[in-house]
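Peer 1: Take this structure, written in structure tokens, and hold onto it; I'll ask about it next.
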Amino acid sequence: MDSFTDTEVGGWEARAERYSGRVRTFITETDPGALAVVALSMGSLLLAFAGFLSASPLAAVPFGVFVLSTGYGWVRHQALIARAVTFAMTTVTLVTLGLIIAFIFVESAAAFRYESVTVFGVSVPGLGMFVQTRWDAVSDPVRYSLVPMIHGTAMVTAIATLVAAPLGVAAALFISEIAPPAVREAVKPGIEVLAGIPSIVYGFIGFTIINPWAGEEFALNGGSTYLFVGIVVGLMALPTVVSVAEDALTSVPDSMKDGSLALGATEWQSMTSITLPAAFSGVSAAVLLGVGRAIGETMAATVMLAGVQKIPEPITNVFYGYETLTSLIAANYGNASGTQESALFAAGVVLFVTVLSLSVASQYIEARMRQRLGGERT
């Protein structure tokens, strides 16, 4: 164990020495004037970012210095200032994302403390949100359970995935492998245009057309159903799945397909045995992007659902629809305060963790497929 630790420490020391050597070489080989411009540009950007976070009215001053110094550096030392600015923008993006995540978790802390449950003498923060089903911010006892909304989100996401995944992958296969070039050139832009339609338009169509029809045909009060919300959200996610999956399928080299056909395989066998496995990481990413949109869909669910925090009976009943995590936040954030507002942030934490898990799963699937296609041992 000690030798392993020593080896690990030695590896880190070697890396640090290597990086420090690169920095020293860069400094000695770069023109001092260019270094001064980069230092001024990056320093002023850092001060402007700090002023922005602290809501200082003086933040405009260092930002102005950043703009002027970067403009001068772009004229005199374009390559160096371009590297510095792109690195700075990437860093600012990552820091901003980290601050947003930290803010969400900090704001949700009060709700997690309020819904603490003692288990075997140990207080578990937030457990009450997941072991009981009552959400009521007005009547005693006040409770903030997320179980009904998690159930609604899962129902809508499952139905949307069943709509978007098979239809999207099938459409992508048709566009990339079967359709003539003229059809492909006409269909692909149309699908991308559908992806740009605002979600409120889909929600409005669902509210004005689908909900009344469902209420009349199935004798439902108001027509609010997880089934039709899931179908609408699935149709919203469909263009994303088709576009990303088609790009992945198109990127498969023609030599792999031609080799399969030369060995006597049919076009369908080549698509299912060669094209799909080779592009599986991209296709799975397309499906997960669609699932992520279904999980995070707000306006269509808010407009079409009843907005009641309860679980349908039986639990698998898709012909009633009440609330999702996103519609809960959209419908209540304007009037919420105190612990209730913190509970809405807790719903955001659940959404964040869910989407993060999907992203990690996507990366894992991609890594496994690379190992399999590359012949590497697992």
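Residue numbering restarts at 1 in every chain; chains get A, B, ... in the order shown in the structure tokens, and ligands count up from 1 in that same order.
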Write out as a PyMOL selection string all residues of region 57-215 of chain A that DSSP puts in strand (DSSP E or B) for this structure's backbone.
Peer 2: chain A and resi 117-119+122-124+135-136+143-144
Peer 1: Go ahead and save the picked residues with N, CA, C and O atoms, as a CSV table (one decimal), in the first residue's frame.
Peer 2:
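To be explicit, this is the file written out as selection-v6.csv:
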chain,number,residue,atom,x,y,z
A,117,VAL,N,-35.8,13.1,8.5
A,117,VAL,CA,-36.4,11.9,9.2
A,117,VAL,C,-35.4,11.2,10.0
A,117,VAL,O,-34.3,10.9,9.5
A,118,THR,N,-35.7,10.8,11.2
A,118,THR,CA,-34.8,10.1,12.0
A,118,THR,C,-35.0,8.6,11.8
A,118,THR,O,-36.0,8.0,11.9
A,119,VAL,N,-33.8,7.9,11.4
A,119,VAL,CA,-33.8,6.5,11.2
A,119,VAL,C,-32.8,5.9,12.1
A,119,VAL,O,-31.6,6.2,12.0
A,122,VAL,N,-30.6,8.3,13.8
A,122,VAL,CA,-29.8,9.2,13.0
A,122,VAL,C,-30.7,10.0,12.1
A,122,VAL,O,-31.6,9.5,11.4
A,123,SER,N,-30.6,11.4,12.1
A,123,SER,CA,-31.4,12.3,11.3
A,123,SER,C,-30.9,12.3,9.9
A,123,SER,O,-29.7,12.6,9.7
A,124,VAL,N,-31.8,12.0,9.0
A,124,VAL,CA,-31.4,11.9,7.5
A,124,VAL,C,-32.1,13.1,6.9
A,124,VAL,O,-33.3,13.1,6.7
A,135,TRP,N,-47.9,16.9,-0.3
A,135,TRP,CA,-47.3,18.2,-0.6
A,135,TRP,C,-48.4,19.2,-0.3
A,135,TRP,O,-49.4,19.3,-0.9
A,136,ASP,N,-48.2,20.0,0.8
A,136,ASP,CA,-49.2,21.0,1.1
A,136,ASP,C,-48.4,22.1,1.9
A,136,ASP,O,-47.9,21.9,3.0
A,143,ARG,N,-46.1,19.9,4.5
A,143,ARG,CA,-45.2,18.8,4.0
A,143,ARG,C,-44.8,19.2,2.6
A,143,ARG,O,-45.6,19.7,1.8
A,144,TYR,N,-43.6,18.7,2.2
A,144,TYR,CA,-43.1,19.0,0.9
A,144,TYR,C,-42.6,17.7,0.3
A,144,TYR,O,-41.4,17.5,0.1
Peer 1: Need the shell around Leu227 (chain A): protein/DNA/RNA residues with any atom at most 7 Å away, counting only C-alpha atoms. Skip same-chain ones fewer than 2 positions apart. Format as a list of chain:residue names?
Peer 2: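 Listed by chain and then number, they are A:Ile159, A:Thr225, A:Val229, A:Gly230, A:Ile231, A:Val318, A:Phe319.
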Peer 1: Could the residues in this selection be written to a file with N, CA and C atoms, as a compact mmCIF listing (two decimals), in the first residue's frame?
Peer 2:
# COMPACT_ATOMS: atom_id res chain seq x y z
N ILE A 159 -43.22 7.58 -21.32
CA ILE A 159 -44.08 7.61 -22.51
C ILE A 159 -43.39 8.36 -23.65
N THR A 225 -53.93 14.18 -18.89
CA THR A 225 -53.46 12.80 -18.81
C THR A 225 -51.96 12.75 -19.05
N VAL A 229 -49.71 13.96 -22.57
CA VAL A 229 -48.56 14.84 -22.31
C VAL A 229 -47.28 14.16 -22.75
N GLY A 230 -47.15 12.86 -22.43
CA GLY A 230 -45.96 12.12 -22.86
C GLY A 230 -45.85 12.04 -24.36
N ILE A 231 -46.99 11.87 -25.06
CA ILE A 231 -46.95 11.82 -26.52
C ILE A 231 -46.51 13.17 -27.09
N VAL A 318 -52.25 5.94 -16.65
CA VAL A 318 -51.71 7.03 -17.48
C VAL A 318 -52.82 7.95 -17.99
N PHE A 319 -54.08 7.64 -17.67
CA PHE A 319 -55.18 8.45 -18.17
C PHE A 319 -55.55 9.59 -17.22
Peer 1: Can you tell me, as a ChimeraX atom specification, which residues in region 47-189 of chain A count as alpha helix (DSSP H) by DSSP?
Peer 2: /A:47-53,60-76,78-114,128-131,147-173,181-189
Peer 1: Tell me which of A:Ile27, A:Ala245, A:Val92, A:Ala179 sits closest to Ala165 (chain A), counting only C-alpha atoms.
Peer 2: A:Ala245
Peer 1: Give me, please, the distance in Å between CA of Leu80 (chain A) and CA of Phe49 (chain A), quoted to one decimal.
Peer 2: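 Separation between CA of Leu80 (chain A) and CA of Phe49 (chain A): 21.4 Å.
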Peer 1: Near Thr157 (chain A), counting only C-alpha atoms, which residues have an atom at most 10 Å away, once you skip same-chain residues fewer than 5 positions from it, shown as a PyMOL selection string?
Peer 2: chain A and resi 151-152+162-163+226+229-231+233-234+290-297+324
Peer 1: What gap, in Å, lies between CA of Tyr114 (chain A) and CA of Ile101 (chain A)?
Peer 2: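 Going from CA of Tyr114 (chain A) over to CA of Ile101 (chain A) covers 20.7 Å.
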